[in-house]
file protein-v3.txt (compact mmCIF, C-alpha atoms)
# COMPACT_ATOMS: atom_id res chain seq x y z
CA MET O 924 0.00 0.00 0.00
CA LYS O 925 1.49 3.31 -1.09
CA ALA O 926 1.72 6.06 1.53
CA ARG O 927 -0.77 8.89 1.19
CA ALA O 928 1.68 11.69 2.14
CA THR O 929 4.74 11.48 -0.12
CA LEU O 930 7.62 13.62 -1.36
CA LEU O 931 9.13 12.52 -4.68
CA GLY O 932 7.42 9.17 -4.20
CA HIS O 933 8.78 8.54 -0.68
CA PRO O 934 6.63 8.54 2.48
CA ILE O 935 7.16 11.82 4.35
CA HIS O 936 6.58 10.18 7.75
CA GLN O 937 9.37 7.67 7.16
CA ILE O 938 11.69 10.48 6.05
CA LEU O 939 11.00 12.69 9.07
CA ILE O 940 11.13 10.16 11.92
CA VAL O 941 14.86 9.62 11.48
CA LEU O 942 15.71 13.04 12.95
CA PRO O 943 13.85 12.80 16.29
CA LEU O 944 14.94 9.21 16.85
CA GLY O 945 18.59 10.08 16.27
CA LEU O 946 18.39 13.14 18.50
CA PHE O 947 16.67 11.27 21.33
CA VAL O 948 19.21 8.45 21.23
CA THR O 949 22.08 10.95 21.21
CA ALA O 950 20.56 12.78 24.18
CA VAL O 951 20.39 9.57 26.20
CA VAL O 952 23.99 8.68 25.35
CA PHE O 953 25.21 12.17 26.30
CA ASP O 954 23.26 12.06 29.57
CA VAL O 955 24.53 8.63 30.56
CA VAL O 956 28.07 9.87 29.94
CA THR O 957 27.50 13.02 32.03
CA MET O 958 26.22 10.95 34.94
CA PHE O 959 29.73 9.45 35.20
CA LYS O 960 31.72 12.51 34.18
CA PRO O 961 29.97 15.85 34.48
CA MET O 962 30.41 17.84 31.27
CA PRO O 963 28.21 20.94 30.98
CA GLN O 964 28.63 21.04 27.20
CA LEU O 965 27.18 17.54 26.81
CA SER O 966 24.30 18.35 29.16
CA ILE O 967 23.46 21.42 27.11
CA ALA O 968 23.71 19.43 23.86
CA ALA O 969 21.52 16.64 25.28
CA PHE O 970 18.88 19.16 26.37
CA TRP O 971 18.75 20.78 22.93
CA ASN O 972 18.68 17.36 21.27
CA ILE O 973 15.52 16.69 23.27
CA VAL O 974 13.99 20.04 22.27
CA VAL O 975 14.76 19.68 18.56
CA GLY O 976 13.86 15.97 18.60
CA SER O 977 10.49 16.81 20.12
CA ILE O 978 9.82 19.39 17.42
CA GLY O 979 10.84 16.84 14.77
CA ALA O 980 8.51 14.24 16.26
CA LEU O 981 5.65 16.74 16.22
CA LEU O 982 6.36 17.41 12.54
CA ALA O 983 6.49 13.68 11.66
CA ALA O 984 3.34 12.64 13.54
CA PRO O 985 0.69 14.25 11.30
CA PHE O 986 2.14 12.52 8.23
CA GLY O 987 1.95 9.18 10.03
CA LEU O 988 -1.68 9.92 10.88
CA ILE O 989 -2.42 10.79 7.25
CA ASP O 990 -0.93 7.47 6.12
CA TRP O 991 -2.74 5.57 8.89
CA THR O 992 -6.10 6.83 7.60
CA LYS O 993 -5.46 4.99 4.31
CA ILE O 994 -4.96 1.58 5.98
CA PRO O 995 -8.05 -0.61 5.50
CA ARG O 996 -10.30 -0.98 8.55
CA LYS O 997 -10.37 -4.12 10.67
CA THR O 998 -6.89 -5.21 9.57
CA ARG O 999 -3.86 -6.19 11.58
CA ALA O 1000 -2.05 -3.22 10.03
CA LYS O 1001 -4.66 -0.79 11.42
CA ARG O 1002 -4.19 -2.25 14.92
CA VAL O 1003 -0.38 -2.24 14.67
CA GLY O 1004 -0.58 1.35 13.43
CA ILE O 1005 -2.54 2.42 16.52
CA LEU O 1006 -0.06 0.66 18.82
CA HIS O 1007 2.83 2.28 16.89
CA ALA O 1008 1.23 5.72 17.31
CA VAL O 1009 0.43 5.30 21.03
CA THR O 1010 3.94 4.02 21.70
CA ASN O 1011 5.57 6.95 19.92
CA VAL O 1012 3.29 9.56 21.52
CA THR O 1013 4.35 8.07 24.86
CA VAL O 1014 8.02 8.33 23.80
CA LEU O 1015 7.53 11.97 22.87
CA SER O 1016 5.74 12.67 26.17
CA LEU O 1017 8.54 11.09 28.21
CA PHE O 1018 11.20 13.18 26.46
CA VAL O 1019 9.14 16.39 26.73
CA VAL O 1020 8.68 15.87 30.48
CA ALA O 1021 12.39 15.04 30.88
CA GLY O 1022 13.32 18.21 28.97
CA TYR O 1023 10.93 20.32 31.02
CA LEU O 1024 12.35 18.98 34.29
CA ARG O 1025 15.87 19.87 33.10
CA TYR O 1026 14.96 23.34 31.88
CA PHE O 1027 15.40 24.88 35.33
CA ASN O 1028 18.74 23.16 36.12
CA VAL O 1029 22.08 24.90 35.74
CA ASP O 1030 23.53 23.97 32.32
CA TYR O 1031 20.39 21.84 31.79
CA ALA O 1032 22.09 19.13 33.85
CA VAL O 1033 20.35 15.79 33.95
CA THR O 1034 19.20 14.37 37.27
CA THR O 1035 17.86 10.94 38.12
CA ILE O 1036 14.18 11.40 37.23
CA PRO O 1037 14.76 12.95 33.79
CA LEU O 1038 17.37 10.29 33.01
CA VAL O 1039 14.96 7.50 33.97
CA LEU O 1040 12.29 9.10 31.75
CA GLU O 1041 14.77 9.35 28.87
CA ILE O 1042 15.86 5.73 29.21
CA ALA O 1043 12.22 4.62 29.31
CA GLY O 1044 11.58 6.73 26.20
CA PHE O 1045 14.64 5.23 24.53
CA LEU O 1046 13.43 1.68 25.21
CA LEU O 1047 9.89 2.45 24.06
CA ALA O 1048 11.30 4.10 20.92
CA GLY O 1049 12.83 0.73 20.10
CA LEU O 1050 9.38 -0.84 20.37
CA GLY O 1051 7.87 1.97 18.27
CA GLY O 1052 10.56 1.46 15.63
CA TYR O 1053 9.92 -2.27 15.61
CA LEU O 1054 6.20 -1.66 15.10
CA GLY O 1055 6.94 0.81 12.30
CA GLY O 1056 9.17 -1.80 10.69
CA GLU O 1057 6.38 -4.34 11.05
CA LEU O 1058 4.04 -1.98 9.22
CA VAL O 1059 6.45 -1.38 6.36
CA ASP O 1060 8.41 -4.61 6.02
CA ARG O 1061 5.84 -7.27 6.85
CA LEU O 1062 2.51 -5.56 6.19
CA GLY O 1063 3.61 -3.45 3.20
CA ILE O 1064 2.30 -0.14 4.52
CA GLY O 1065 4.01 2.84 2.90
CA VAL O 1066 5.49 0.70 0.13
CA HIS O 1067 5.02 1.89 -3.43
CA GLU O 1068 2.78 -0.41 -5.49
CA GLY O 1069 5.37 -0.55 -8.27
CA ALA O 1070 8.23 -1.51 -5.96
CA ASN O 1071 10.68 -3.98 -7.49
CA PRO O 1072 14.46 -4.25 -7.92
CA ASP O 1073 14.36 -2.25 -11.20
CA ALA O 1074 11.59 0.25 -10.42
CA PRO O 1075 12.22 3.67 -11.99
CA GLY O 1076 13.08 6.63 -9.76
CA PRO O 1077 10.54 9.34 -8.98
CA LEU O 1078 11.94 11.68 -11.64
CA SER O 1079 12.19 9.00 -14.35
CA ARG O 1080 9.88 9.15 -17.33
CA ARG O 1081 10.10 5.38 -17.69
CA PRO O 1082 6.90 3.66 -16.48
CA PRO O 1083 7.21 0.91 -13.88
CA LEU O 1084 7.60 -2.60 -15.24
CA GLY O 1085 4.24 -4.23 -15.78
CA ALA O 1086 2.41 -0.87 -15.80
CA THR O 1087 -0.58 -0.51 -18.10
CA THR O 1088 1.81 0.02 -21.04
CA GLY O 1089 1.88 -3.74 -21.58
CA THR O 1090 5.61 -4.03 -20.80
CA PRO O 1091 6.13 -7.60 -19.61
CA VAL O 1092 7.51 -8.06 -16.12
CA PRO O 1093 10.74 -10.09 -16.30
CA GLU O 1094 10.66 -13.49 -14.59
CA SER O 1095 13.28 -12.28 -12.07
CA HIS O 1096 10.85 -9.62 -10.80
CA ARG O 1097 7.81 -11.82 -10.42
CA ALA O 1098 6.73 -13.10 -7.03
CA MET O 1099 7.80 -16.68 -6.33
CA PRO O 1100 4.91 -19.14 -6.16
CA THR O 1101 4.11 -20.35 -2.66
CA GLY O 1102 6.29 -23.28 -1.70
CA ALA O 1103 8.84 -22.68 -4.49
CA MET O 1104 12.50 -22.43 -3.52
call {"tool": "encode", "arguments": {"input": "protein-v3.txt", "output": "structure tokens"}}
result
Amino acid sequence: MKARATLLGHPIHQILIVLPLGLFVTAVVFDVVTMFKPMPQLSIAAFWNIVVGSIGALLAAPFGLIDWTKIPRKTRAKRVGILHAVTNVTVLSLFVVAGYLRYFNVDYAVTTIPLVLEIAGFLLAGLGGYLGGELVDRLGIGVHEGANPDAPGPLSRRPPLGATTGTPVPESHRAMPTGAM
């Protein structure tokens, strides 16, 4: 099922989620390091990673919702999509609360409660990522209908193999019959 919100043929949600995930992970790493060796620069960087990551997550979420609305009702994908969304909203909430609690500290230093919230968010982000992978890799959500090893790029004028032009799909690109190996 092709994503509803795309940019040059690629799902916008899948493009945007990389930034907040990377920033949140980096914040946790920086904060774990500063718990053992206080470094104000890393605390400041971790805090701003949380702020920018939260903004990035807020930008990515509506595109995920747009794509979710296209998933057929009463399917496993619809249920996994809800769980994916709830998990990632929880991740965002944990990081926002952790950032807020740090806002009033000198050099945005991390303390125990924000660090615990960040680690919980980090672990839940792994679950959210797994669920997103389940949607794309196993359930085919956000995958272009013409996907194949030789599919043309978004700026190509060449139609996808097997499109209504009557171009035959090479044997190497056809799905293997069930049980064949």
call {"tool": "residues_around", "arguments": {"input": "protein-v3.txt", "residues": "region 934-938 of chain O", "least_positions_apart": "6", "cutoff": "6 Å", "atoms": "only C-alpha atoms", "output": "NGL selection string"}}
result
:O and (926 or 928 or 983 or 986-987)
call {"tool": "residues_around", "arguments": {"input": "protein-v3.txt", "residues": "Ile1042 (chain O)", "least_positions_apart": "4", "cutoff": "10 Å", "atoms": "all atoms listed in the file", "output": "MDAnalysis selection string"}}
result
chainID O and resid 947:948 950:952 954:955 1014 1017:1018 1036:1038 1046:1048
call {"tool": "residues_around", "arguments": {"input": "protein-v3.txt", "residues": "Ile973 (chain O)", "least_positions_apart": "5", "cutoff": "12 Å", "atoms": "only C-alpha atoms", "output": "VMD selection string"}}
result
chain O and resid 942 to 954 966 to 968 978 to 980 1014 to 1026 1031 1033 1037 to 1038 1040 to 1041 1044 to 1045
call {"tool": "residues_around", "arguments": {"input": "protein-v3.txt", "residues": "Lys993 (chain O)", "least_positions_apart": "3", "cutoff": "12 Å", "atoms": "only C-alpha atoms", "output": "PyMOL selection string"}}
result
chain O and resi 924-928+986-990+996+998+1000-1001+1004+1064-1065
call {"tool": "atom_distance", "arguments": {"input": "protein-v3.txt", "atom1": "CA of Asp1060 (chain O)", "atom2": "CA of His1007 (chain O)"}}
result
14.0 Å
call {"tool": "atom_distance", "arguments": {"input": "protein-v3.txt", "atom1": "CA of Ser1079 (chain O)", "atom2": "CA of Val1066 (chain O)"}}
result
18.0 Å
call {"tool": "axis_aligned_box", "arguments": {"input": "protein-v3.txt", "around": "region 934-950 of chain O", "padding_each_side": "4 Å", "output": "AutoDock Vina command-line options"}}
result
--center_x 14.3 --center_y 10.4 --center_z 13.3 --size_x 23.5 --size_y 13.5 --size_z 29.7
call {"tool": "closest_residue", "arguments": {"input": "protein-v3.txt", "among": "O:Val1039, O:Val1003, O:Val1029, O:Val1009", "to": "Leu1062 (chain O)", "atoms": "only C-alpha atoms"}}
result
O:Val1003
call {"tool": "closest_residue", "arguments": {"input": "protein-v3.txt", "among": "O:Thr1013, O:Pro985, O:Gly1055, O:Lys997", "to": "Ala1043 (chain O)", "atoms": "only C-alpha atoms"}}
result
O:Thr1013
call {"tool": "closest_residue", "arguments": {"input": "protein-v3.txt", "among": "O:Arg1081, O:Leu939, O:Glu1057, O:Ala984", "to": "Val1012 (chain O)", "atoms": "all atoms listed in the file"}}
result
O:Ala984
call {"tool": "closest_residue", "arguments": {"input": "protein-v3.txt", "among": "O:Asp1030, O:Gly1052, O:Gly1063, O:Asn1071", "to": "Pro963 (chain O)", "atoms": "only C-alpha atoms"}}
result
O:Asp1030
call {"tool": "atom_distance", "arguments": {"input": "protein-v3.txt", "atom1": "CA of Leu1006 (chain O)", "atom2": "CA of Tyr1053 (chain O)"}}
result
10.9 Å
call {"tool": "build_atoms", "arguments": {"input": "protein-v3.txt", "residues": "region 1035-1068 of chain O", "atoms": "N, CA and C atoms", "output": "PDB file, keeping the file's coordinate frame"}}
result
ATOM      1  N   THR O1035      18.332  12.318  38.192  1.00  0.00           N
ATOM      2  CA  THR O1035      17.860  10.940  38.120  1.00  0.00           C
ATOM      3  C   THR O1035      16.514  10.789  37.422  1.00  0.00           C
ATOM      4  N   ILE O1036      15.525  11.579  37.802  1.00  0.00           N
ATOM      5  CA  ILE O1036      14.180  11.400  37.230  1.00  0.00           C
ATOM      6  C   ILE O1036      14.167  11.662  35.719  1.00  0.00           C
ATOM      7  N   PRO O1037      14.731  12.776  35.243  1.00  0.00           N
ATOM      8  CA  PRO O1037      14.760  12.950  33.790  1.00  0.00           C
ATOM      9  C   PRO O1037      15.521  11.836  33.062  1.00  0.00           C
ATOM     10  N   LEU O1038      16.606  11.357  33.651  1.00  0.00           N
ATOM     11  CA  LEU O1038      17.370  10.290  33.010  1.00  0.00           C
ATOM     12  C   LEU O1038      16.546   9.012  32.929  1.00  0.00           C
ATOM     13  N   VAL O1039      15.817   8.692  33.987  1.00  0.00           N
ATOM     14  CA  VAL O1039      14.960   7.500  33.970  1.00  0.00           C
ATOM     15  C   VAL O1039      13.879   7.656  32.887  1.00  0.00           C
ATOM     16  N   LEU O1040      13.294   8.847  32.784  1.00  0.00           N
ATOM     17  CA  LEU O1040      12.290   9.100  31.750  1.00  0.00           C
ATOM     18  C   LEU O1040      12.889   8.948  30.347  1.00  0.00           C
ATOM     19  N   GLU O1041      14.096   9.461  30.167  1.00  0.00           N
ATOM     20  CA  GLU O1041      14.770   9.350  28.870  1.00  0.00           C
ATOM     21  C   GLU O1041      15.067   7.895  28.510  1.00  0.00           C
ATOM     22  N   ILE O1042      15.547   7.143  29.480  1.00  0.00           N
ATOM     23  CA  ILE O1042      15.860   5.730  29.210  1.00  0.00           C
ATOM     24  C   ILE O1042      14.585   4.959  28.889  1.00  0.00           C
ATOM     25  N   ALA O1043      13.507   5.258  29.617  1.00  0.00           N
ATOM     26  CA  ALA O1043      12.220   4.620  29.310  1.00  0.00           C
ATOM     27  C   ALA O1043      11.771   5.008  27.900  1.00  0.00           C
ATOM     28  N   GLY O1044      11.924   6.274  27.550  1.00  0.00           N
ATOM     29  CA  GLY O1044      11.580   6.730  26.200  1.00  0.00           C
ATOM     30  C   GLY O1044      12.428   6.057  25.144  1.00  0.00           C
ATOM     31  N   PHE O1045      13.707   5.903  25.447  1.00  0.00           N
ATOM     32  CA  PHE O1045      14.640   5.230  24.530  1.00  0.00           C
ATOM     33  C   PHE O1045      14.201   3.787  24.276  1.00  0.00           C
ATOM     34  N   LEU O1046      13.855   3.071  25.350  1.00  0.00           N
ATOM     35  CA  LEU O1046      13.430   1.680  25.210  1.00  0.00           C
ATOM     36  C   LEU O1046      12.103   1.573  24.454  1.00  0.00           C
ATOM     37  N   LEU O1047      11.168   2.461  24.775  1.00  0.00           N
ATOM     38  CA  LEU O1047       9.890   2.450  24.060  1.00  0.00           C
ATOM     39  C   LEU O1047      10.059   2.849  22.596  1.00  0.00           C
ATOM     40  N   ALA O1048      11.028   3.720  22.309  1.00  0.00           N
ATOM     41  CA  ALA O1048      11.300   4.100  20.920  1.00  0.00           C
ATOM     42  C   ALA O1048      11.739   2.877  20.122  1.00  0.00           C
ATOM     43  N   GLY O1049      12.453   1.974  20.767  1.00  0.00           N
ATOM     44  CA  GLY O1049      12.830   0.730  20.100  1.00  0.00           C
ATOM     45  C   GLY O1049      11.592  -0.077  19.734  1.00  0.00           C
ATOM     46  N   LEU O1050      10.639  -0.147  20.651  1.00  0.00           N
ATOM     47  CA  LEU O1050       9.380  -0.840  20.370  1.00  0.00           C
ATOM     48  C   LEU O1050       8.624  -0.132  19.246  1.00  0.00           C
ATOM     49  N   GLY O1051       8.558   1.200  19.316  1.00  0.00           N
ATOM     50  CA  GLY O1051       7.870   1.970  18.270  1.00  0.00           C
ATOM     51  C   GLY O1051       8.519   1.757  16.914  1.00  0.00           C
ATOM     52  N   GLY O1052       9.842   1.713  16.885  1.00  0.00           N
ATOM     53  CA  GLY O1052      10.560   1.460  15.630  1.00  0.00           C
ATOM     54  C   GLY O1052      10.285   0.064  15.109  1.00  0.00           C
ATOM     55  N   TYR O1053      10.242  -0.894  16.014  1.00  0.00           N
ATOM     56  CA  TYR O1053       9.920  -2.270  15.610  1.00  0.00           C
ATOM     57  C   TYR O1053       8.524  -2.320  14.989  1.00  0.00           C
ATOM     58  N   LEU O1054       7.572  -1.662  15.625  1.00  0.00           N
ATOM     59  CA  LEU O1054       6.200  -1.660  15.100  1.00  0.00           C
ATOM     60  C   LEU O1054       6.125  -0.946  13.748  1.00  0.00           C
ATOM     61  N   GLY O1055       6.883   0.138  13.599  1.00  0.00           N
ATOM     62  CA  GLY O1055       6.940   0.810  12.300  1.00  0.00           C
ATOM     63  C   GLY O1055       7.539  -0.096  11.249  1.00  0.00           C
ATOM     64  N   GLY O1056       8.579  -0.832  11.611  1.00  0.00           N
ATOM     65  CA  GLY O1056       9.170  -1.800  10.690  1.00  0.00           C
ATOM     66  C   GLY O1056       8.189  -2.906  10.336  1.00  0.00           C
ATOM     67  N   GLU O1057       7.407  -3.322  11.294  1.00  0.00           N
ATOM     68  CA  GLU O1057       6.380  -4.340  11.050  1.00  0.00           C
ATOM     69  C   GLU O1057       5.373  -3.818  10.009  1.00  0.00           C
ATOM     70  N   LEU O1058       4.983  -2.568  10.171  1.00  0.00           N
ATOM     71  CA  LEU O1058       4.040  -1.980   9.220  1.00  0.00           C
ATOM     72  C   LEU O1058       4.604  -1.950   7.803  1.00  0.00           C
ATOM     73  N   VAL O1059       5.859  -1.531   7.686  1.00  0.00           N
ATOM     74  CA  VAL O1059       6.450  -1.380   6.360  1.00  0.00           C
ATOM     75  C   VAL O1059       6.934  -2.707   5.797  1.00  0.00           C
ATOM     76  N   ASP O1060       7.746  -3.427   6.556  1.00  0.00           N
ATOM     77  CA  ASP O1060       8.410  -4.610   6.020  1.00  0.00           C
ATOM     78  C   ASP O1060       7.512  -5.841   5.909  1.00  0.00           C
ATOM     79  N   ARG O1061       6.668  -6.063   6.878  1.00  0.00           N
ATOM     80  CA  ARG O1061       5.840  -7.270   6.850  1.00  0.00           C
ATOM     81  C   ARG O1061       4.455  -6.996   6.257  1.00  0.00           C
ATOM     82  N   LEU O1062       3.891  -5.836   6.603  1.00  0.00           N
ATOM     83  CA  LEU O1062       2.510  -5.560   6.190  1.00  0.00           C
ATOM     84  C   LEU O1062       2.430  -4.688   4.940  1.00  0.00           C
ATOM     85  N   GLY O1063       3.570  -4.190   4.463  1.00  0.00           N
ATOM     86  CA  GLY O1063       3.610  -3.450   3.200  1.00  0.00           C
ATOM     87  C   GLY O1063       2.976  -2.083   3.229  1.00  0.00           C
ATOM     88  N   ILE O1064       2.870  -1.475   4.406  1.00  0.00           N
ATOM     89  CA  ILE O1064       2.300  -0.140   4.520  1.00  0.00           C
ATOM     90  C   ILE O1064       3.379   0.885   4.156  1.00  0.00           C
ATOM     91  N   GLY O1065       3.047   1.824   3.312  1.00  0.00           N
ATOM     92  CA  GLY O1065       4.010   2.840   2.900  1.00  0.00           C
ATOM     93  C   GLY O1065       4.947   2.375   1.805  1.00  0.00           C
ATOM     94  N   VAL O1066       4.649   1.235   1.198  1.00  0.00           N
ATOM     95  CA  VAL O1066       5.490   0.700   0.130  1.00  0.00           C
ATOM     96  C   VAL O1066       4.814   0.998  -1.198  1.00  0.00           C
ATOM     97  N   HIS O1067       5.560   1.541  -2.118  1.00  0.00           N
ATOM     98  CA  HIS O1067       5.020   1.890  -3.430  1.00  0.00           C
ATOM     99  C   HIS O1067       4.528   0.636  -4.145  1.00  0.00           C
ATOM    100  N   GLU O1068       3.365   0.757  -4.806  1.00  0.00           N
ATOM    101  CA  GLU O1068       2.780  -0.410  -5.490  1.00  0.00           C
ATOM    102  C   GLU O1068       3.698  -0.961  -6.581  1.00  0.00           C
TER     103      GLU O1068
END
